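*Asks:* Input entry.pdb, format and content: PDB, C-alpha atoms, pLDDT in the B column.
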ATOM      1  CA  MET A  86     -11.129 -37.027  -0.442  1.00 30.00           C
ATOM      2  CA  THR A  87      -9.036 -38.109   2.475  1.00 31.00           C
ATOM      3  CA  LEU A  88      -5.532 -36.782   2.843  1.00 31.00           C
ATOM      4  CA  THR A  89      -3.078 -39.039   4.605  1.00 32.00           C
ATOM      5  CA  PHE A  90      -0.082 -37.448   6.215  1.00 32.00           C
ATOM      6  CA  ARG A  91       2.975 -39.260   7.420  1.00 35.00           C
ATOM      7  CA  ASP A  92       2.868 -37.509  10.772  1.00 38.00           C
ATOM      8  CA  ALA A  93      -0.386 -37.516  12.765  1.00 36.00           C
ATOM      9  CA  SER A  94       0.554 -34.252  14.500  1.00 35.00           C
ATOM     10  CA  VAL A  95       0.573 -32.517  11.103  1.00 35.00           C
ATOM     11  CA  ARG A  96      -2.947 -33.757  10.487  1.00 39.00           C
ATOM     12  CA  LEU A  97      -4.094 -32.339  13.828  1.00 35.00           C
ATOM     13  CA  HIS A  98      -2.313 -29.045  13.198  1.00 46.00           C
ATOM     14  CA  ARG A  99      -3.961 -28.652   9.793  1.00 46.00           C
ATOM     15  CA  ARG A 100      -7.354 -29.250  11.369  1.00 46.00           C
ATOM     16  CA  SER A 101      -6.576 -26.554  13.936  1.00 47.00           C
ATOM     17  CA  ALA A 102      -5.522 -24.212  11.134  1.00 46.00           C
ATOM     18  CA  LEU A 103      -8.780 -24.926   9.308  1.00 45.00           C
ATOM     19  CA  LEU A 104     -10.742 -24.145  12.463  1.00 46.00           C
ATOM     20  CA  LEU A 105      -8.803 -20.921  12.932  1.00 44.00           C
ATOM     21  CA  THR A 106      -9.289 -19.768   9.353  1.00 45.00           C
ATOM     22  CA  THR A 107     -12.973 -20.665   9.346  1.00 46.00           C
ATOM     23  CA  LEU A 108     -13.525 -18.821  12.618  1.00 44.00           C
ATOM     24  CA  ILE A 109     -11.760 -15.680  11.428  1.00 44.00           C
ATOM     25  CA  PHE A 110     -13.685 -15.395   8.224  1.00 44.00           C
ATOM     26  CA  THR A 111     -17.019 -16.451   9.690  1.00 44.00           C
ATOM     27  CA  ILE A 112     -16.690 -13.471  12.002  1.00 44.00           C
ATOM     28  CA  ALA A 113     -15.737 -11.222   9.097  1.00 43.00           C
ATOM     29  CA  ALA A 114     -18.708 -12.451   7.073  1.00 44.00           C
ATOM     30  CA  THR A 115     -21.183 -11.525   9.834  1.00 43.00           C
ATOM     31  CA  LEU A 116     -20.338  -7.841   9.605  1.00 38.00           C
ATOM     32  CA  PRO A 117     -22.905  -5.652   7.850  1.00 37.00           C
ATOM     33  CA  LEU A 118     -21.970  -5.650   4.186  1.00 36.00           C
ATOM     34  CA  GLN A 119     -22.456  -2.756   1.783  1.00 36.00           C
ATOM     35  CA  ALA A 120     -24.362  -3.504  -1.389  1.00 30.00           C
ATOM     36  CA  GLN A 121     -22.279  -1.455  -3.790  1.00 31.00           C
ATOM     37  CA  THR A 122     -21.407  -1.663  -7.454  1.00 31.00           C
ATOM     38  CA  ALA A 123     -17.898  -2.337  -8.695  1.00 31.00           C
ATOM     39  CA  ILE A 124     -17.305   1.354  -9.417  1.00 31.00           C
ATOM     40  CA  THR A 125     -19.235   3.974  -7.467  1.00 35.00           C
ATOM     41  CA  ALA A 126     -19.018   7.698  -8.104  1.00 34.00           C
ATOM     42  CA  THR A 127     -18.826   9.560  -4.810  1.00 41.00           C
ATOM     43  CA  GLY A 128     -18.331  13.295  -4.936  1.00 46.00           C
ATOM     44  CA  GLY A 129     -16.586  12.960  -8.287  1.00 46.00           C
ATOM     45  CA  ASP A 130     -14.161  10.325  -6.981  1.00 63.00           C
ATOM     46  CA  ALA A 131     -14.404   6.842  -8.462  1.00 81.00           C
ATOM     47  CA  LYS A 132     -14.029   3.948  -6.061  1.00 91.00           C
ATOM     48  CA  MET A 133     -12.756   0.581  -7.222  1.00 95.00           C
ATOM     49  CA  GLN A 134     -13.170  -2.854  -5.753  1.00 96.00           C
ATOM     50  CA  TYR A 135     -10.072  -4.817  -4.813  1.00 97.00           C
ATOM     51  CA  MET A 136      -9.858  -8.402  -3.650  1.00 96.00           C
ATOM     52  CA  LEU A 137      -7.482  -9.264  -0.832  1.00 96.00           C
ATOM     53  CA  LEU A 138      -6.618 -12.971  -1.090  1.00 94.00           C
ATOM     54  CA  ILE A 139      -5.249 -14.237   2.207  1.00 93.00           C
ATOM     55  CA  TYR A 140      -2.706 -17.063   1.993  1.00 91.00           C
ATOM     56  CA  ASN A 141      -1.166 -18.719   5.046  1.00 89.00           C
ATOM     57  CA  ASP A 142       1.094 -21.619   5.823  1.00 87.00           C
ATOM     58  CA  PRO A 143      -0.879 -23.551   8.455  1.00 84.00           C
ATOM     59  CA  LYS A 144       2.395 -24.540  10.146  1.00 87.00           C
ATOM     60  CA  MET A 145       3.157 -20.855  10.793  1.00 90.00           C
ATOM     61  CA  GLU A 146      -0.185 -19.903  12.372  1.00 89.00           C
ATOM     62  CA  PRO A 147      -0.387 -19.559  16.143  1.00 91.00           C
ATOM     63  CA  PRO A 148      -2.036 -22.568  17.798  1.00 91.00           C
ATOM     64  CA  TYR A 149      -5.646 -22.235  18.898  1.00 88.00           C
ATOM     65  CA  GLY A 150      -6.023 -21.334  22.583  1.00 95.00           C
ATOM     66  CA  THR A 151      -2.630 -19.641  22.949  1.00 96.00           C
ATOM     67  CA  PRO A 152      -2.029 -15.956  23.796  1.00 96.00           C
ATOM     68  CA  GLU A 153      -0.584 -15.542  20.288  1.00 94.00           C
ATOM     69  CA  PHE A 154      -3.838 -16.846  18.819  1.00 91.00           C
ATOM     70  CA  ASP A 155      -5.823 -14.391  20.956  1.00 94.00           C
ATOM     71  CA  THR A 156      -3.578 -11.528  19.814  1.00 94.00           C
ATOM     72  CA  MET A 157      -4.085 -12.501  16.182  1.00 90.00           C
ATOM     73  CA  MET A 158      -7.863 -12.676  16.642  1.00 86.00           C
ATOM     74  CA  SER A 159      -7.857  -9.255  18.310  1.00 93.00           C
ATOM     75  CA  GLY A 160      -6.017  -7.963  15.263  1.00 92.00           C
ATOM     76  CA  PHE A 161      -8.680  -9.368  12.923  1.00 88.00           C
ATOM     77  CA  PHE A 162     -11.474  -7.902  15.079  1.00 88.00           C
ATOM     78  CA  ALA A 163      -9.775  -4.500  15.023  1.00 92.00           C
ATOM     79  CA  LEU A 164      -9.252  -4.664  11.255  1.00 93.00           C
ATOM     80  CA  ASN A 165     -12.893  -5.623  10.693  1.00 90.00           C
ATOM     81  CA  GLU A 166     -14.058  -2.709  12.840  1.00 92.00           C
ATOM     82  CA  ARG A 167     -11.701  -0.346  10.995  1.00 95.00           C
ATOM     83  CA  LYS A 168     -12.985  -1.425   7.558  1.00 95.00           C
ATOM     84  CA  LYS A 169     -16.552  -1.135   8.808  1.00 93.00           C
ATOM     85  CA  ALA A 170     -15.945   2.364  10.212  1.00 95.00           C
ATOM     86  CA  ASP A 171     -14.155   3.415   7.009  1.00 96.00           C
ATOM     87  CA  GLN A 172     -17.093   1.994   4.993  1.00 96.00           C
ATOM     88  CA  VAL A 173     -14.808   0.031   2.654  1.00 97.00           C
ATOM     89  CA  LEU A 174     -15.838  -3.565   3.388  1.00 95.00           C
ATOM     90  CA  VAL A 175     -17.922  -5.094   0.601  1.00 94.00           C
ATOM     91  CA  SER A 176     -17.592  -8.761   1.610  1.00 88.00           C
ATOM     92  CA  GLY A 177     -15.345 -11.274   3.273  1.00 86.00           C
ATOM     93  CA  GLU A 178     -15.460 -15.002   3.588  1.00 80.00           C
ATOM     94  CA  GLY A 179     -13.383 -17.825   4.940  1.00 76.00           C
ATOM     95  CA  LEU A 180     -12.768 -20.925   2.918  1.00 83.00           C
ATOM     96  CA  GLN A 181     -12.793 -24.512   4.034  1.00 84.00           C
ATOM     97  CA  GLY A 182      -9.489 -26.342   4.022  1.00 80.00           C
ATOM     98  CA  VAL A 183      -7.737 -27.091   0.744  1.00 80.00           C
ATOM     99  CA  GLU A 184      -8.553 -30.764   1.186  1.00 81.00           C
ATOM    100  CA  THR A 185     -12.198 -29.891   0.384  1.00 86.00           C
ATOM    101  CA  ALA A 186     -11.326 -28.158  -2.929  1.00 84.00           C
ATOM    102  CA  THR A 187     -11.919 -29.526  -6.396  1.00 87.00           C
ATOM    103  CA  SER A 188      -9.699 -28.276  -9.223  1.00 83.00           C
ATOM    104  CA  VAL A 189     -11.090 -28.154 -12.760  1.00 88.00           C
ATOM    105  CA  ARG A 190      -9.158 -27.804 -16.013  1.00 86.00           C
ATOM    106  CA  THR A 191      -9.576 -28.681 -19.678  1.00 91.00           C
ATOM    107  CA  ARG A 192      -6.825 -30.612 -21.489  1.00 92.00           C
ATOM    108  CA  GLY A 193      -7.139 -31.907 -25.038  1.00 93.00           C
ATOM    109  CA  GLY A 194     -10.820 -30.955 -25.110  1.00 92.00           C
ATOM    110  CA  LYS A 195     -11.548 -33.065 -22.029  1.00 94.00           C
ATOM    111  CA  VAL A 196     -12.610 -31.633 -18.676  1.00 92.00           C
ATOM    112  CA  GLU A 197     -10.510 -32.976 -15.801  1.00 90.00           C
ATOM    113  CA  MET A 198     -11.504 -32.702 -12.152  1.00 90.00           C
ATOM    114  CA  MET A 199      -9.145 -33.396  -9.289  1.00 85.00           C
ATOM    115  CA  ASP A 200      -9.822 -33.490  -5.571  1.00 83.00           C
ATOM    116  CA  GLY A 201      -7.769 -31.042  -3.595  1.00 72.00           C
ATOM    117  CA  PRO A 202      -5.729 -28.079  -4.708  1.00 65.00           C
ATOM    118  CA  PHE A 203      -4.112 -27.994  -8.134  1.00 63.00           C
ATOM    119  CA  ALA A 204      -0.703 -26.879  -6.887  1.00 64.00           C
ATOM    120  CA  GLU A 205       1.271 -28.282  -3.981  1.00 65.00           C
ATOM    121  CA  THR A 206       2.215 -25.229  -1.956  1.00 69.00           C
ATOM    122  CA  ARG A 207       2.958 -24.437   1.643  1.00 76.00           C
ATOM    123  CA  GLU A 208       0.601 -21.474   1.698  1.00 81.00           C
ATOM    124  CA  HIS A 209      -3.114 -22.159   1.331  1.00 85.00           C
ATOM    125  CA  LEU A 210      -5.849 -19.744   0.325  1.00 87.00           C
ATOM    126  CA  GLY A 211      -7.763 -19.315   3.561  1.00 85.00           C
ATOM    127  CA  GLY A 212     -10.161 -16.537   2.695  1.00 85.00           C
ATOM    128  CA  TYR A 213     -10.676 -13.167   1.132  1.00 93.00           C
ATOM    129  CA  TYR A 214     -11.982  -9.671   1.568  1.00 94.00           C
ATOM    130  CA  VAL A 215     -13.475  -7.471  -1.129  1.00 96.00           C
ATOM    131  CA  ILE A 216     -12.990  -3.809  -0.320  1.00 97.00           C
ATOM    132  CA  GLU A 217     -13.976  -0.665  -2.173  1.00 97.00           C
ATOM    133  CA  VAL A 218     -11.419   2.121  -2.022  1.00 97.00           C
ATOM    134  CA  ALA A 219     -10.147   5.019  -4.124  1.00 96.00           C
ATOM    135  CA  ASP A 220      -6.943   3.436  -5.416  1.00 95.00           C
ATOM    136  CA  LEU A 221      -4.386   0.631  -5.238  1.00 95.00           C
ATOM    137  CA  ASP A 222      -2.352   2.418  -2.553  1.00 95.00           C
ATOM    138  CA  SER A 223      -5.398   2.421  -0.258  1.00 95.00           C
ATOM    139  CA  ALA A 224      -6.027  -1.272  -0.954  1.00 96.00           C
ATOM    140  CA  LEU A 225      -2.397  -2.070  -0.157  1.00 96.00           C
ATOM    141  CA  ARG A 226      -2.648  -0.214   3.165  1.00 96.00           C
ATOM    142  CA  TYR A 227      -5.619  -2.395   4.184  1.00 96.00           C
ATOM    143  CA  ALA A 228      -3.799  -5.529   3.012  1.00 96.00           C
ATOM    144  CA  ALA A 229      -0.848  -4.630   5.235  1.00 95.00           C
ATOM    145  CA  MET A 230      -3.237  -4.520   8.223  1.00 95.00           C
ATOM    146  CA  VAL A 231      -4.284  -8.193   7.890  1.00 95.00           C
ATOM    147  CA  PRO A 232      -2.761  -9.823  10.999  1.00 93.00           C
ATOM    148  CA  SER A 233      -1.608 -12.973   9.209  1.00 91.00           C
ATOM    149  CA  VAL A 234       0.497 -10.965   6.756  1.00 92.00           C
ATOM    150  CA  ALA A 235       3.273 -11.369   9.343  1.00 90.00           C
ATOM    151  CA  TRP A 236       3.655 -15.070   8.390  1.00 89.00           C
ATOM    152  CA  GLY A 237       1.573 -15.343   5.221  1.00 91.00           C
ATOM    153  CA  THR A 238       0.818 -13.364   2.087  1.00 93.00           C
ATOM    154  CA  VAL A 239      -2.039 -11.104   1.069  1.00 95.00           C
ATOM    155  CA  GLU A 240      -2.409 -10.838  -2.687  1.00 95.00           C
ATOM    156  CA  VAL A 241      -4.216  -7.704  -3.886  1.00 96.00           C
ATOM    157  CA  GLY A 242      -5.983  -7.716  -7.239  1.00 95.00           C
ATOM    158  CA  ARG A 243      -8.665  -5.814  -9.067  1.00 92.00           C
TER     159      ARG A 243
END
The structure in this file should be written as C-alpha cells.
*Replies:*
Amino acid sequence: MTLTFRDASVRLHRRSALLLTTLIFTIAATLPLQAQTAITATGGDAKMQYMLLIYNDPKMEPPYGTPEFDTMMSGFFALNERKKADQVLVSGEGLQGVETATSVRTRGGKVEMMDGPFAETREHLGGYYVIEVADLDSALRYAAMVPSVAWGTVEVGR
C-alpha cells in the first residue's frame, strides 16, 4: 500500500520516524533475552509478565541526527541496560511503520482485510517490551522510564 500525503515534508518526516523507531527497537531486541514463563515463582514471590506498548506521534519525535535524538537514544540505551541488570526484560521489538500493517476483522460472517491501521490516530504503535516484574507498580515504574513517554504514551497491560 502506498500512502499519499498532501505535504512531501510529512512523508519524509514519517520515514525518519520509522527509521528512528526501527533503530530503537532493533537495539532492544539484540539484548540477551530471558526464556521465562509467564508466571515464575522466585523465593515465594510470583512474577508476572507485563507488556509495555509504546505509542508515539511521529511529528513529536526528535529528528534523526539532532542532539535531541542522541539524548533520546542515550535514554533508551540506559533503560535497556537497567532492565538487563534488573533481569526483568523478557523481549522487545520494534514495529515497521503503520503503512505496512494489515487490519483484519469479521463483519456479517465475512473476513475483511484492510491495508494500514484500522484507526486514524496521531499516535502509532512503534514497538513493545515484555517485562517480568512482581506487580503493576513495578511495571508502571519501568514504563515511566521509556524516553518517548515525554511526547507519547506507554500503555501497560497484562
*Asks:* Suppose a student applies the PyMOL selection byres ((chain A and resi 186) around 9) to this structure; what residues should they get, written as a PyMOL selection string?
*Replies:* chain A and resi 181-185+187-188+199-203
*Asks:* Which neighbours of Gly160 in chain A fall inside 10 Å, counting all atoms listed in the file, when residues of the same chain fewer than 5 positions from it are skipped, and could you give them as an MDAnalysis selection string?
*Replies:* chainID A and resid 154:155 165:166 230:233
*Asks:* Taking the file as I've supplied it (selection: the PyMOL selection byres ((chain A and resi 173) around 9)), which residues are included? Please answer as a PDB file with C-alpha atoms, keeping the file's coordinate frame.
*Replies:*
ATOM      1  CA  GLN A 119     -22.456  -2.756   1.783  1.00 36.00           C
ATOM      2  CA  ARG A 167     -11.701  -0.346  10.995  1.00 95.00           C
ATOM      3  CA  LYS A 168     -12.985  -1.425   7.558  1.00 95.00           C
ATOM      4  CA  LYS A 169     -16.552  -1.135   8.808  1.00 93.00           C
ATOM      5  CA  ALA A 170     -15.945   2.364  10.212  1.00 95.00           C
ATOM      6  CA  ASP A 171     -14.155   3.415   7.009  1.00 96.00           C
ATOM      7  CA  GLN A 172     -17.093   1.994   4.993  1.00 96.00           C
ATOM      8  CA  LEU A 174     -15.838  -3.565   3.388  1.00 95.00           C
ATOM      9  CA  VAL A 175     -17.922  -5.094   0.601  1.00 94.00           C
ATOM     10  CA  VAL A 215     -13.475  -7.471  -1.129  1.00 96.00           C
ATOM     11  CA  ILE A 216     -12.990  -3.809  -0.320  1.00 97.00           C
ATOM     12  CA  GLU A 217     -13.976  -0.665  -2.173  1.00 97.00           C
ATOM     13  CA  VAL A 218     -11.419   2.121  -2.022  1.00 97.00           C
TER      14      VAL A 218
END
*Asks:* How many Å separate CA of Tyr149 in chain A from CA of Phe161 in chain A?
*Replies:*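 It comes out at 14.5 Å.
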*Asks:* Using only C-alpha atoms, can you list as a PyMOL selection string the residues within 8 Å of (-7.3, -6.1, -4.6)?
*Replies:* chain A and resi 134-138+215-216+221+224-225+240-243
*Asks:* What do you get, as a ChimeraX atom specification, if you spell out every residue that the PyMOL selection byres ((chain A and resi 209) around 9) selects here?
*Replies:* /A:139-143,182-183,202,206-208,210-211
*Asks:* Any idea what the distance is between CA of Ala219 in chain A and CA of Val239 in chain A?
*Replies:* 18.8 Å
*Asks:* Find the distance between CA of Gly179 in chain A and CA of Ser159 in chain A and write it in Å to one decimal.
*Replies:* 16.8 Å
*Asks:* Could you write range 183-203 of chain A as a PDB file, in the frame of the given file, with N, CA, C and O atoms rebuilt where they are missing?
*Replies:*
ATOM      1  N   VAL A 183      -8.049 -26.729   2.124  1.00 80.00           N
ATOM      2  CA  VAL A 183      -7.737 -27.091   0.744  1.00 80.00           C
ATOM      3  C   VAL A 183      -8.097 -28.537   0.425  1.00 80.00           C
ATOM      4  O   VAL A 183      -8.339 -28.879  -0.729  1.00 80.00           O
ATOM      5  N   GLU A 184      -8.192 -29.371   1.443  1.00 81.00           N
ATOM      6  CA  GLU A 184      -8.553 -30.764   1.186  1.00 81.00           C
ATOM      7  C   GLU A 184      -9.998 -30.896   0.709  1.00 81.00           C
ATOM      8  O   GLU A 184     -10.390 -31.930   0.184  1.00 81.00           O
ATOM      9  N   THR A 185     -10.812 -29.850   0.856  1.00 86.00           N
ATOM     10  CA  THR A 185     -12.198 -29.891   0.384  1.00 86.00           C
ATOM     11  C   THR A 185     -12.343 -29.319  -1.026  1.00 86.00           C
ATOM     12  O   THR A 185     -13.438 -29.353  -1.595  1.00 86.00           O
ATOM     13  N   ALA A 186     -11.265 -28.799  -1.608  1.00 84.00           N
ATOM     14  CA  ALA A 186     -11.326 -28.158  -2.929  1.00 84.00           C
ATOM     15  C   ALA A 186     -11.409 -29.190  -4.053  1.00 84.00           C
ATOM     16  O   ALA A 186     -11.004 -30.338  -3.892  1.00 84.00           O
ATOM     17  N   THR A 187     -11.947 -28.759  -5.164  1.00 87.00           N
ATOM     18  CA  THR A 187     -11.919 -29.526  -6.396  1.00 87.00           C
ATOM     19  C   THR A 187     -11.356 -28.623  -7.475  1.00 87.00           C
ATOM     20  O   THR A 187     -11.843 -27.508  -7.672  1.00 87.00           O
ATOM     21  N   SER A 188     -10.321 -29.054  -8.149  1.00 83.00           N
ATOM     22  CA  SER A 188      -9.699 -28.276  -9.223  1.00 83.00           C
ATOM     23  C   SER A 188     -10.230 -28.772 -10.560  1.00 83.00           C
ATOM     24  O   SER A 188     -10.364 -29.979 -10.783  1.00 83.00           O
ATOM     25  N   VAL A 189     -10.539 -27.832 -11.446  1.00 88.00           N
ATOM     26  CA  VAL A 189     -11.090 -28.154 -12.760  1.00 88.00           C
ATOM     27  C   VAL A 189     -10.190 -27.547 -13.825  1.00 88.00           C
ATOM     28  O   VAL A 189      -9.755 -26.400 -13.696  1.00 88.00           O
ATOM     29  N   ARG A 190      -9.915 -28.310 -14.875  1.00 86.00           N
ATOM     30  CA  ARG A 190      -9.158 -27.804 -16.013  1.00 86.00           C
ATOM     31  C   ARG A 190      -9.583 -28.575 -17.259  1.00 86.00           C
ATOM     32  O   ARG A 190     -10.173 -29.652 -17.161  1.00 86.00           O
ATOM     33  N   THR A 191      -9.286 -28.019 -18.409  1.00 91.00           N
ATOM     34  CA  THR A 191      -9.576 -28.681 -19.678  1.00 91.00           C
ATOM     35  C   THR A 191      -8.254 -28.957 -20.374  1.00 91.00           C
ATOM     36  O   THR A 191      -7.440 -28.051 -20.561  1.00 91.00           O
ATOM     37  N   ARG A 192      -8.036 -30.209 -20.767  1.00 92.00           N
ATOM     38  CA  ARG A 192      -6.825 -30.612 -21.489  1.00 92.00           C
ATOM     39  C   ARG A 192      -7.255 -31.484 -22.654  1.00 92.00           C
ATOM     40  O   ARG A 192      -8.011 -32.455 -22.459  1.00 92.00           O
ATOM     41  N   GLY A 193      -6.807 -31.121 -23.852  1.00 93.00           N
ATOM     42  CA  GLY A 193      -7.139 -31.907 -25.038  1.00 93.00           C
ATOM     43  C   GLY A 193      -8.639 -32.012 -25.273  1.00 93.00           C
ATOM     44  O   GLY A 193      -9.127 -33.053 -25.698  1.00 93.00           O
ATOM     45  N   GLY A 194      -9.383 -30.954 -24.919  1.00 92.00           N
ATOM     46  CA  GLY A 194     -10.820 -30.955 -25.110  1.00 92.00           C
ATOM     47  C   GLY A 194     -11.597 -31.725 -24.059  1.00 92.00           C
ATOM     48  O   GLY A 194     -12.808 -31.844 -24.143  1.00 92.00           O
ATOM     49  N   LYS A 195     -10.900 -32.277 -23.070  1.00 94.00           N
ATOM     50  CA  LYS A 195     -11.548 -33.065 -22.029  1.00 94.00           C
ATOM     51  C   LYS A 195     -11.466 -32.331 -20.686  1.00 94.00           C
ATOM     52  O   LYS A 195     -10.407 -31.838 -20.309  1.00 94.00           O
ATOM     53  N   VAL A 196     -12.573 -32.264 -19.992  1.00 92.00           N
ATOM     54  CA  VAL A 196     -12.610 -31.633 -18.676  1.00 92.00           C
ATOM     55  C   VAL A 196     -12.063 -32.619 -17.650  1.00 92.00           C
ATOM     56  O   VAL A 196     -12.503 -33.768 -17.591  1.00 92.00           O
ATOM     57  N   GLU A 197     -11.100 -32.155 -16.863  1.00 90.00           N
ATOM     58  CA  GLU A 197     -10.510 -32.976 -15.801  1.00 90.00           C
ATOM     59  C   GLU A 197     -10.836 -32.338 -14.455  1.00 90.00           C
ATOM     60  O   GLU A 197     -10.736 -31.131 -14.296  1.00 90.00           O
ATOM     61  N   MET A 198     -11.229 -33.167 -13.511  1.00 90.00           N
ATOM     62  CA  MET A 198     -11.504 -32.702 -12.152  1.00 90.00           C
ATOM     63  C   MET A 198     -10.650 -33.497 -11.183  1.00 90.00           C
ATOM     64  O   MET A 198     -10.561 -34.715 -11.304  1.00 90.00           O
ATOM     65  N   MET A 199     -10.022 -32.762 -10.266  1.00 85.00           N
ATOM     66  CA  MET A 199      -9.145 -33.396  -9.289  1.00 85.00           C
ATOM     67  C   MET A 199      -9.535 -32.938  -7.897  1.00 85.00           C
ATOM     68  O   MET A 199      -9.797 -31.750  -7.688  1.00 85.00           O
ATOM     69  N   ASP A 200      -9.579 -33.866  -6.959  1.00 83.00           N
ATOM     70  CA  ASP A 200      -9.822 -33.490  -5.571  1.00 83.00           C
ATOM     71  C   ASP A 200      -8.602 -32.766  -5.036  1.00 83.00           C
ATOM     72  O   ASP A 200      -7.462 -33.116  -5.346  1.00 83.00           O
ATOM     73  N   GLY A 201      -8.850 -31.774  -4.220  1.00 72.00           N
ATOM     74  CA  GLY A 201      -7.769 -31.042  -3.595  1.00 72.00           C
ATOM     75  C   GLY A 201      -7.260 -29.924  -4.470  1.00 72.00           C
ATOM     76  O   GLY A 201      -7.756 -29.689  -5.563  1.00 72.00           O
ATOM     77  N   PRO A 202      -6.264 -29.217  -3.959  1.00 65.00           N
ATOM     78  CA  PRO A 202      -5.729 -28.079  -4.708  1.00 65.00           C
ATOM     79  C   PRO A 202      -4.947 -28.542  -5.937  1.00 65.00           C
ATOM     80  O   PRO A 202      -4.435 -29.657  -5.975  1.00 65.00           O
ATOM     81  N   PHE A 203      -4.852 -27.672  -6.925  1.00 63.00           N
ATOM     82  CA  PHE A 203      -4.112 -27.994  -8.134  1.00 63.00           C
ATOM     83  C   PHE A 203      -2.610 -28.010  -7.868  1.00 63.00           C
ATOM     84  O   PHE A 203      -1.903 -28.876  -8.325  1.00 63.00           O
TER      85      PHE A 203
END
